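**Q** This is the structure, below, for whatever I ask next.
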Amino acid sequence: MNEFETNENKTPDEVINQYFESSEVNTGTPSEEEKPVRKNHYYRNFAICILIMALCLGSISFGLAASGTIGTIQTDSIFSGEDTETEDFSSNGGSLFDSGEEAEAMSMSAESIYEASLNRIAIIKAVKPSVVAISTVAYTQDWFFGTQEVDGSGSGFIFAKDSYNVYIATNNHVISGATDITVAFDDGTSLSGKVVGTDQNADLAVVSVTTSDLKAAGITEVVVATLGDSDTVSNGDPVIAIGNALGEGITATSGIVSAISKKINVQGKTLTVIQTDAAINAGNSGGPLFNAKGEVIGINTAKFSSETVEGIGFSIISNVAAPIFEKLATGESTPTLGVTVQAVPTEYVSQLGTSAGAYVVEVTEGGNAYLAGIQAGDIITTFNGETIFGPDQLVEQVKLCEANQVVTVSGLRGGQKFTIQATLYPPESY
């Protein structure tokens with residue numbers, strides 16, 4: 001008889017009790033009559049298993065009771081619009097989210113990101129045809145190499161059209177000094193462009209392409225960009241910069257508005273700009289900065305370049321540029337004095353006893369100041385009857401003048417006073 005047969009009529013409790021109450025120990029091999037029931041191994045193991053199971057069940061029950069509320073979160077698919085399977089999350093501190101509102105906010109945030117991505121795609125698709133690539137050829141004189149051909153590239157955008165011309169806005173420095181200008185449209189068509197008007201002080205210019213040339217090339221319709229209100233721009237607003245980056249064709253970058261109505265000085269010109277972290281590279285100059293409505297809120301003009309600086313680009317605000325573009329489109333260029341100025345250096349301030357005036361750093365060869373006899377190192381103290389306290393004020397006073405206007409310029413040269421007459425010829429006349 002084996003052990004299973006011996007205990008077949010006993011209950012599990014009786015078997016366990018029998019095991020714990022017995023003091024018999026097997027010390028050898030008994031005779032058939034003396035052979036005890038083998039209960040020490042099987043029933044001991046069985047009892048231990050029962051105890052372990054009981055302890056485990058108790059531990060699991062305790063664990064569930066001690067844990068926080070089980071949160072049920074249902075998220076919507078932002079791609080298909082269908083509900084996904086319900087997922088349970090639990091933690092010892094409570095549910096993953098404290099309320100259904102936070103879960104809904106998370107879902108809405110994901111949907112907003114997806115919608116924003118789709119919106120960027122739609123904006124770029126809608127406005128890209130209004131952006132053009134500009135290529136230029138200029139010739140410079142070098143004492144060692146003689147006449148050299150210099151190629152340049154930039155960007156622009158169509159802001160107006162009439163029966164005869166399509167008008168393209170850009171930066172003055174993109175087309176300054178160029179003898180040949182080529183405008184490439186979205187479909188790859190390239191046509192010859194003509195400078196209509198420039199404003200060197202504001203670093204803005206207008207180039208035109210004739211409608212007859214467009215029709216001959218097979219272009220019967222063009223997309224005109226909308227100039228937006230830069231006064232409504234806020235820090236953090238999403239923006240898209242589109243232009244002829246590195247002269248490789250029209251590309252787009254995106255970012256946010258980092259700062260608004262900021263003043264910067266570029267080559268002696270004070271500009272009111274929007275700062276953005278959207279990538280603005282060489283070739284982007286003159287291209288548009290669009291808001292989330294697809295409106296032009298800035299003209300990409302400059303970037304801060306340094307190994308330790310990243311994501312600082314500048315765009316001239318649209319509310320400053322718009323009236324200038326309208327004026328330039330009529331062929332009326334804004335005259336310039338033709339000087340690069342800065343604040344009076346410290347060493348001169350101590351000698352003069354005042355910091356008032358605009359210190360002439362450089363005179364543009366062939367420009368109005370050059371023709372009038374103004375020299376580098378002069379300190380301009382009055383212009384057209386107005387006292388000049390600094391370089392910014394001189395720039396603003398020149399902007400108020402009309403083409404071919406004669407103005408009186410007074411200042412100091414080598415500690416001596418001087419007064420001269422200057423005629424503000426439009427740029428295209430010299």
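Convention: chains lettered A, B, ... in structure tokens order; per-chain residue numbering from 1; ligands numbered from 1 as shown.
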Identify, on the basis of only C-alpha atoms, every residue whose closest approach to range 305-318 of chain A does not exceed 10 Å; exclude the query and any residue fewer than 4 positions from it along the same chain; express the result as a PyMOL selection string.
**A** chain A and resi 171+202-204+227-231+233+241+255+257-264+271-281+285-289+295-301+322-325
**Q** Determine, counting only C-alpha atoms, which protein, DNA and RNA residues have an atom within 7 Å of an atom of range 395-402 of chain A; residues of the same chain fewer than 2 positions away are not included. Present the result as JSON, numbers by chain.
**A** {"A": [201, 334, 335, 336, 337, 391, 392, 393, 404, 405]}
**Q** Can you tell me, as a PyMOL selection string, what residues are no more than 8 Å from range 149-158 of chain A when counting only C-alpha atoms, ignoring any on the same chain fewer than 2 positions away?
**A** chain A and resi 130-140+147+160-161+166-171+174+223-225+243-247+282-288
**Q** Env of Thr408 in chain A: 10 Å cut, atoms = only C-alpha atoms, seq-sep filter 6 positions within chain, self excluded. Answer as a ChimeraX atom specification.
**A** /A:382-386,419-423
**Q** Name the residues of range 247-315 of chain A that fall into strand (DSSP E or B) according to DSSP on the backbone, using the chain letters and numbers of this document, as a short mmCIF file (atom, residue, chain, number, x, y, z; two decimals) with all heavy atoms, in the first residue's frame.
**A**
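File written: out_27.cif
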```
data_model
loop_
_atom_site.label_atom_id
_atom_site.label_comp_id
_atom_site.auth_asym_id
_atom_site.auth_seq_id
_atom_site.Cartn_x
_atom_site.Cartn_y
_atom_site.Cartn_z
N THR A 251 13.09 77.76 -50.08
CA THR A 251 12.87 76.81 -48.98
C THR A 251 12.20 77.54 -47.82
O THR A 251 12.17 78.77 -47.77
CB THR A 251 14.20 76.20 -48.49
OG1 THR A 251 15.09 77.26 -48.11
CG2 THR A 251 14.85 75.37 -49.59
N ALA A 252 11.67 76.76 -46.89
CA ALA A 252 10.95 77.33 -45.75
C ALA A 252 11.54 76.84 -44.44
O ALA A 252 12.00 75.69 -44.32
CB ALA A 252 9.47 76.95 -45.82
N THR A 253 11.56 77.72 -43.44
CA THR A 253 11.93 77.36 -42.08
C THR A 253 10.88 77.94 -41.14
O THR A 253 10.19 78.91 -41.49
CB THR A 253 13.31 77.92 -41.69
OG1 THR A 253 13.32 79.35 -41.86
CG2 THR A 253 14.40 77.32 -42.55
N SER A 254 10.72 77.35 -39.97
CA SER A 254 9.70 77.84 -39.05
C SER A 254 10.29 78.10 -37.68
O SER A 254 11.35 77.59 -37.33
CB SER A 254 8.55 76.82 -38.93
OG SER A 254 9.01 75.62 -38.34
N GLY A 255 9.57 78.90 -36.89
CA GLY A 255 10.01 79.22 -35.54
C GLY A 255 8.97 80.06 -34.85
O GLY A 255 7.78 79.96 -35.17
N ILE A 256 9.40 80.89 -33.93
CA ILE A 256 8.49 81.77 -33.20
C ILE A 256 9.05 83.19 -33.19
O ILE A 256 10.21 83.42 -33.54
CB ILE A 256 8.29 81.30 -31.74
CG1 ILE A 256 9.62 81.34 -30.98
CG2 ILE A 256 7.65 79.92 -31.69
CD1 ILE A 256 9.48 81.17 -29.49
N VAL A 257 8.21 84.12 -32.78
CA VAL A 257 8.66 85.49 -32.55
C VAL A 257 9.39 85.53 -31.21
O VAL A 257 8.82 85.17 -30.19
CB VAL A 257 7.47 86.47 -32.56
CG1 VAL A 257 7.93 87.86 -32.14
CG2 VAL A 257 6.82 86.51 -33.92
N SER A 258 10.65 85.95 -31.24
CA SER A 258 11.44 86.00 -30.01
C SER A 258 11.36 87.38 -29.34
O SER A 258 11.44 87.47 -28.11
CB SER A 258 12.91 85.68 -30.32
OG SER A 258 13.03 84.44 -30.96
N ALA A 259 11.23 88.43 -30.14
CA ALA A 259 11.12 89.79 -29.61
C ALA A 259 10.48 90.66 -30.68
O ALA A 259 10.57 90.37 -31.88
CB ALA A 259 12.49 90.35 -29.22
N ILE A 260 9.80 91.72 -30.25
CA ILE A 260 9.09 92.59 -31.19
C ILE A 260 9.60 94.03 -31.08
O ILE A 260 10.10 94.44 -30.02
CB ILE A 260 7.57 92.55 -30.96
CG1 ILE A 260 7.23 92.93 -29.51
CG2 ILE A 260 7.01 91.18 -31.28
CD1 ILE A 260 5.74 92.99 -29.22
N SER A 261 9.46 94.77 -32.20
CA SER A 261 9.84 96.18 -32.25
C SER A 261 11.22 96.44 -31.65
O SER A 261 11.42 97.34 -30.83
CB SER A 261 8.79 97.03 -31.53
OG SER A 261 7.55 96.92 -32.19
N LYS A 262 12.17 95.63 -32.07
CA LYS A 262 13.53 95.77 -31.57
C LYS A 262 14.34 96.68 -32.50
O LYS A 262 14.14 96.66 -33.71
CB LYS A 262 14.17 94.38 -31.50
CG LYS A 262 15.45 94.31 -30.70
CD LYS A 262 15.84 92.86 -30.47
CE LYS A 262 17.04 92.76 -29.55
NZ LYS A 262 17.39 91.36 -29.28
N LYS A 263 15.25 97.46 -31.95
CA LYS A 263 16.08 98.36 -32.73
C LYS A 263 17.47 97.74 -32.90
O LYS A 263 18.11 97.34 -31.91
CB LYS A 263 16.22 99.72 -32.03
CG LYS A 263 14.91 100.47 -31.83
CD LYS A 263 14.43 101.13 -33.09
CE LYS A 263 13.22 102.01 -32.82
NZ LYS A 263 12.72 102.68 -34.04
N ILE A 264 17.92 97.63 -34.15
CA ILE A 264 19.27 97.15 -34.40
C ILE A 264 19.96 98.11 -35.37
O ILE A 264 19.31 98.84 -36.11
CB ILE A 264 19.28 95.72 -34.99
CG1 ILE A 264 18.58 95.69 -36.36
CG2 ILE A 264 18.63 94.74 -34.04
CD1 ILE A 264 18.77 94.39 -37.11
N ASN A 265 21.28 98.09 -35.36
CA ASN A 265 22.06 98.94 -36.26
C ASN A 265 22.79 98.04 -37.24
O ASN A 265 23.60 97.19 -36.85
CB ASN A 265 23.05 99.79 -35.47
CG ASN A 265 23.74 100.82 -36.36
OD1 ASN A 265 24.64 100.49 -37.11
ND2 ASN A 265 23.31 102.07 -36.24
N VAL A 266 22.48 98.20 -38.52
CA VAL A 266 23.11 97.41 -39.58
C VAL A 266 23.82 98.36 -40.53
O VAL A 266 23.19 99.13 -41.25
CB VAL A 266 22.07 96.57 -40.34
CG1 VAL A 266 22.74 95.76 -41.44
CG2 VAL A 266 21.31 95.66 -39.39
N LYS A 269 22.77 101.86 -40.32
CA LYS A 269 21.33 102.12 -40.48
C LYS A 269 20.58 101.51 -39.30
O LYS A 269 20.79 100.35 -38.95
CB LYS A 269 20.83 101.50 -41.79
CG LYS A 269 21.42 102.15 -43.02
CD LYS A 269 20.94 101.49 -44.29
CE LYS A 269 21.61 100.16 -44.53
NZ LYS A 269 23.03 100.32 -44.91
N THR A 270 19.72 102.31 -38.68
CA THR A 270 18.90 101.82 -37.57
C THR A 270 17.60 101.26 -38.11
O THR A 270 16.84 101.96 -38.79
CB THR A 270 18.61 102.95 -36.57
OG1 THR A 270 19.85 103.46 -36.05
CG2 THR A 270 17.77 102.44 -35.40
N LEU A 271 17.33 99.99 -37.81
CA LEU A 271 16.15 99.31 -38.31
C LEU A 271 15.28 98.83 -37.16
O LEU A 271 15.79 98.40 -36.12
CB LEU A 271 16.55 98.12 -39.19
CG LEU A 271 17.51 98.40 -40.35
CD1 LEU A 271 17.89 97.10 -41.05
CD2 LEU A 271 16.89 99.38 -41.34
N THR A 272 13.96 98.92 -37.33
CA THR A 272 13.01 98.37 -36.36
C THR A 272 12.61 96.99 -36.84
O THR A 272 12.06 96.85 -37.94
CB THR A 272 11.77 99.27 -36.22
OG1 THR A 272 12.19 100.59 -35.89
CG2 THR A 272 10.84 98.74 -35.14
N VAL A 273 12.87 95.99 -36.02
CA VAL A 273 12.75 94.61 -36.49
C VAL A 273 12.00 93.71 -35.52
O VAL A 273 11.80 94.04 -34.35
CB VAL A 273 14.15 94.01 -36.74
CG1 VAL A 273 14.89 94.77 -37.82
CG2 VAL A 273 14.96 93.98 -35.44
N ILE A 274 11.60 92.56 -36.06
CA ILE A 274 11.13 91.43 -35.27
C ILE A 274 12.29 90.46 -35.14
O ILE A 274 12.97 90.17 -36.12
CB ILE A 274 9.95 90.72 -35.97
CG1 ILE A 274 8.71 91.63 -35.99
CG2 ILE A 274 9.63 89.39 -35.29
CD1 ILE A 274 7.59 91.08 -36.87
N GLN A 275 12.53 89.97 -33.94
CA GLN A 275 13.55 88.94 -33.76
C GLN A 275 12.88 87.57 -33.78
O GLN A 275 11.82 87.38 -33.17
CB GLN A 275 14.30 89.12 -32.44
CG GLN A 275 15.39 88.06 -32.21
CD GLN A 275 16.10 88.26 -30.89
OE1 GLN A 275 16.40 89.39 -30.49
NE2 GLN A 275 16.37 87.16 -30.19
N THR A 276 13.46 86.63 -34.49
CA THR A 276 12.88 85.29 -34.59
C THR A 276 13.96 84.22 -34.51
O THR A 276 15.13 84.48 -34.82
CB THR A 276 12.10 85.12 -35.91
OG1 THR A 276 11.59 83.79 -36.01
CG2 THR A 276 13.00 85.38 -37.12
N PRO A 288 10.05 87.06 -47.22
CA PRO A 288 9.01 87.37 -46.24
C PRO A 288 9.05 86.49 -45.00
O PRO A 288 9.48 85.33 -45.06
CB PRO A 288 7.72 87.13 -47.02
CG PRO A 288 8.09 86.02 -47.98
CD PRO A 288 9.53 86.24 -48.33
N LEU A 289 8.58 87.06 -43.90
CA LEU A 289 8.33 86.32 -42.67
C LEU A 289 6.81 86.30 -42.49
O LEU A 289 6.19 87.35 -42.33
CB LEU A 289 9.00 87.00 -41.47
CG LEU A 289 8.90 86.26 -40.13
CD1 LEU A 289 9.78 85.01 -40.16
CD2 LEU A 289 9.33 87.17 -38.96
N PHE A 290 6.22 85.12 -42.56
CA PHE A 290 4.76 84.98 -42.52
C PHE A 290 4.28 84.63 -41.11
O PHE A 290 4.97 83.93 -40.36
CB PHE A 290 4.29 83.87 -43.46
CG PHE A 290 4.47 84.17 -44.92
CD1 PHE A 290 5.54 83.64 -45.63
CD2 PHE A 290 3.57 84.98 -45.59
CE1 PHE A 290 5.71 83.91 -46.98
CE2 PHE A 290 3.72 85.26 -46.94
CZ PHE A 290 4.79 84.72 -47.64
N VAL A 296 2.39 88.63 -44.45
CA VAL A 296 3.77 89.07 -44.29
C VAL A 296 3.84 90.06 -43.13
O VAL A 296 3.25 91.14 -43.20
CB VAL A 296 4.32 89.72 -45.57
CG1 VAL A 296 5.76 90.19 -45.35
CG2 VAL A 296 4.25 88.75 -46.73
N ILE A 297 4.57 89.70 -42.09
CA ILE A 297 4.72 90.61 -40.94
C ILE A 297 6.15 91.13 -40.83
O ILE A 297 6.44 91.98 -39.99
CB ILE A 297 4.32 89.93 -39.62
CG1 ILE A 297 5.13 88.65 -39.41
CG2 ILE A 297 2.82 89.65 -39.59
CD1 ILE A 297 4.97 88.04 -38.04
N GLY A 298 7.04 90.62 -41.69
CA GLY A 298 8.42 91.09 -41.65
C GLY A 298 9.16 90.77 -42.93
O GLY A 298 8.76 89.88 -43.69
N ILE A 299 10.22 91.54 -43.19
CA ILE A 299 11.09 91.30 -44.33
C ILE A 299 12.43 90.86 -43.78
O ILE A 299 13.13 91.62 -43.11
CB ILE A 299 11.25 92.57 -45.21
CG1 ILE A 299 9.93 92.93 -45.88
CG2 ILE A 299 12.30 92.35 -46.29
CD1 ILE A 299 8.97 93.68 -45.00
N ASN A 300 12.79 89.59 -44.03
CA ASN A 300 14.01 89.01 -43.46
C ASN A 300 15.24 89.77 -43.95
O ASN A 300 15.45 89.91 -45.16
CB ASN A 300 14.11 87.54 -43.85
CG ASN A 300 12.92 86.75 -43.36
OD1 ASN A 300 12.40 87.01 -42.27
ND2 ASN A 300 12.46 85.80 -44.14
N THR A 301 16.03 90.27 -43.01
CA THR A 301 17.09 91.22 -43.35
C THR A 301 18.46 90.82 -42.84
O THR A 301 19.46 90.99 -43.54
CB THR A 301 16.74 92.61 -42.81
OG1 THR A 301 15.52 93.05 -43.42
CG2 THR A 301 17.83 93.63 -43.10
N ALA A 302 18.55 90.31 -41.63
CA ALA A 302 19.86 90.05 -41.05
C ALA A 302 19.77 88.93 -40.02
O ALA A 302 18.68 88.55 -39.58
CB ALA A 302 20.40 91.32 -40.39
N LYS A 303 20.92 88.41 -39.66
CA LYS A 303 21.01 87.43 -38.58
C LYS A 303 22.26 87.72 -37.76
O LYS A 303 23.21 88.32 -38.26
CB LYS A 303 21.06 86.01 -39.14
CG LYS A 303 22.34 85.69 -39.91
CD LYS A 303 22.40 84.24 -40.37
CE LYS A 303 22.52 83.30 -39.21
NZ LYS A 303 22.69 81.90 -39.63
N SER A 306 27.56 84.01 -35.08
CA SER A 306 28.65 83.75 -34.15
C SER A 306 28.67 82.26 -33.83
O SER A 306 27.64 81.59 -33.90
CB SER A 306 28.46 84.56 -32.85
OG SER A 306 29.38 84.14 -31.86
N VAL A 309 26.37 81.68 -30.87
CA VAL A 309 25.00 82.19 -30.94
C VAL A 309 24.23 81.40 -31.98
O VAL A 309 24.75 81.08 -33.05
CB VAL A 309 24.96 83.69 -31.30
CG1 VAL A 309 23.54 84.17 -31.45
CG2 VAL A 309 25.68 84.50 -30.22
N GLY A 313 17.58 85.82 -35.71
CA GLY A 313 17.41 86.46 -37.00
C GLY A 313 16.52 87.68 -36.86
O GLY A 313 15.75 87.80 -35.89
N PHE A 314 16.60 88.59 -37.83
CA PHE A 314 15.85 89.84 -37.74
C PHE A 314 15.09 90.12 -39.03
O PHE A 314 15.61 89.90 -40.13
CB PHE A 314 16.80 91.00 -37.44
CG PHE A 314 17.61 90.82 -36.19
CD1 PHE A 314 18.95 90.49 -36.25
CD2 PHE A 314 17.02 90.96 -34.94
CE1 PHE A 314 19.71 90.31 -35.11
CE2 PHE A 314 17.76 90.78 -33.78
CZ PHE A 314 19.10 90.46 -33.86
N SER A 315 13.87 90.62 -38.87
CA SER A 315 13.02 90.98 -40.01
C SER A 315 12.46 92.38 -39.79
O SER A 315 11.91 92.68 -38.72
CB SER A 315 11.85 89.98 -40.13
OG SER A 315 12.32 88.67 -40.28
#
```
**Q** Near Ile374 in chain A, within 9 Å and counting only C-alpha atoms, which residues show up once chain neighbours fewer than 4 positions away are dropped, as a list in words?
**A**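 Once the nearby chain positions are removed, what remains is Val339, Val360, Val363, Asn368, Ala369, Tyr370, Asp378, Val409, Ile420 and Ala422 of chain A.
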**Q** Could you tell me which of A:Gln342, A:Thr387, A:Ser163, A:Thr210 comes closest to Val196 in chain A if we count only C-alpha atoms?
**A**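 Checking each candidate against Val196 in chain A, we get A:Thr210 as the closest.
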**Q** Report, in Å to a single decimal, how far apart CA of Gly331 in chain A and CA of Asn319 in chain A are.
**A** 20.1 Å
**Q** Please return as a PyMOL selection string: the residues of range 193-412 of chain A that backbone DSSP assigns to helix (DSSP H, G or I).
**A** chain A and resi 211-216+230-232+245-247+318-329+346-352+368-372+391-399
**Q** Next, the residues of the selection above should be written as a compact mmCIF listing (two decimals), in the first residue's frame with C-alpha atoms.
**A**
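So the final result, stored in result.txt, reads:
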```
# COMPACT_ATOMS: atom_id res chain seq x y z
CA THR A 211 3.54 91.55 -67.47
CA SER A 212 4.44 91.19 -71.14
CA ASP A 213 7.56 89.21 -70.21
CA LEU A 214 5.48 87.08 -67.85
CA LYS A 215 2.92 86.28 -70.54
CA ALA A 216 5.65 85.48 -73.05
CA SER A 230 3.02 93.87 -37.33
CA ASP A 231 1.53 95.76 -34.36
CA THR A 232 -0.56 92.67 -33.55
CA ALA A 245 18.54 80.28 -48.74
CA LEU A 246 22.17 79.92 -49.89
CA GLY A 247 20.99 80.61 -53.44
CA SER A 318 5.75 95.22 -42.07
CA ASN A 319 4.16 98.40 -40.72
CA VAL A 320 7.41 100.27 -41.41
CA ALA A 321 8.04 98.58 -44.76
CA ALA A 322 4.53 98.76 -46.28
CA PRO A 323 4.31 102.56 -46.87
CA ILE A 324 7.89 102.60 -48.15
CA PHE A 325 7.15 99.85 -50.67
CA GLU A 326 4.08 101.73 -51.87
CA LYS A 327 6.16 104.87 -52.35
CA LEU A 328 9.00 103.04 -54.09
CA ALA A 329 6.60 101.30 -56.47
CA THR A 346 34.83 108.70 -26.17
CA GLU A 347 38.15 110.43 -26.96
CA TYR A 348 36.30 113.19 -28.84
CA VAL A 349 33.66 113.57 -26.13
CA SER A 350 36.34 114.55 -23.59
CA GLN A 351 37.80 117.10 -26.02
CA LEU A 352 34.48 118.61 -27.10
CA ASN A 368 25.70 112.63 -52.01
CA ALA A 369 27.98 113.21 -48.99
CA TYR A 370 31.02 112.41 -51.12
CA LEU A 371 29.92 114.90 -53.78
CA ALA A 372 29.28 117.56 -51.12
CA PRO A 391 23.36 108.86 -35.41
CA ASP A 392 19.76 107.65 -35.20
CA GLN A 393 18.44 111.20 -35.36
CA LEU A 394 20.52 111.96 -38.46
CA VAL A 395 19.10 108.89 -40.22
CA GLU A 396 15.55 109.93 -39.33
CA GLN A 397 16.10 113.49 -40.60
CA VAL A 398 17.43 112.24 -43.95
CA LYS A 399 14.31 110.04 -44.32
```
**Q** From the options A:Gly197, A:Gly177, A:Asn165, A:Ile250, which residue's atoms come nearest to Lys128 in chain A, counting only C-alpha atoms?
**A**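 Nearest to Lys128 in chain A: A:Ile250.
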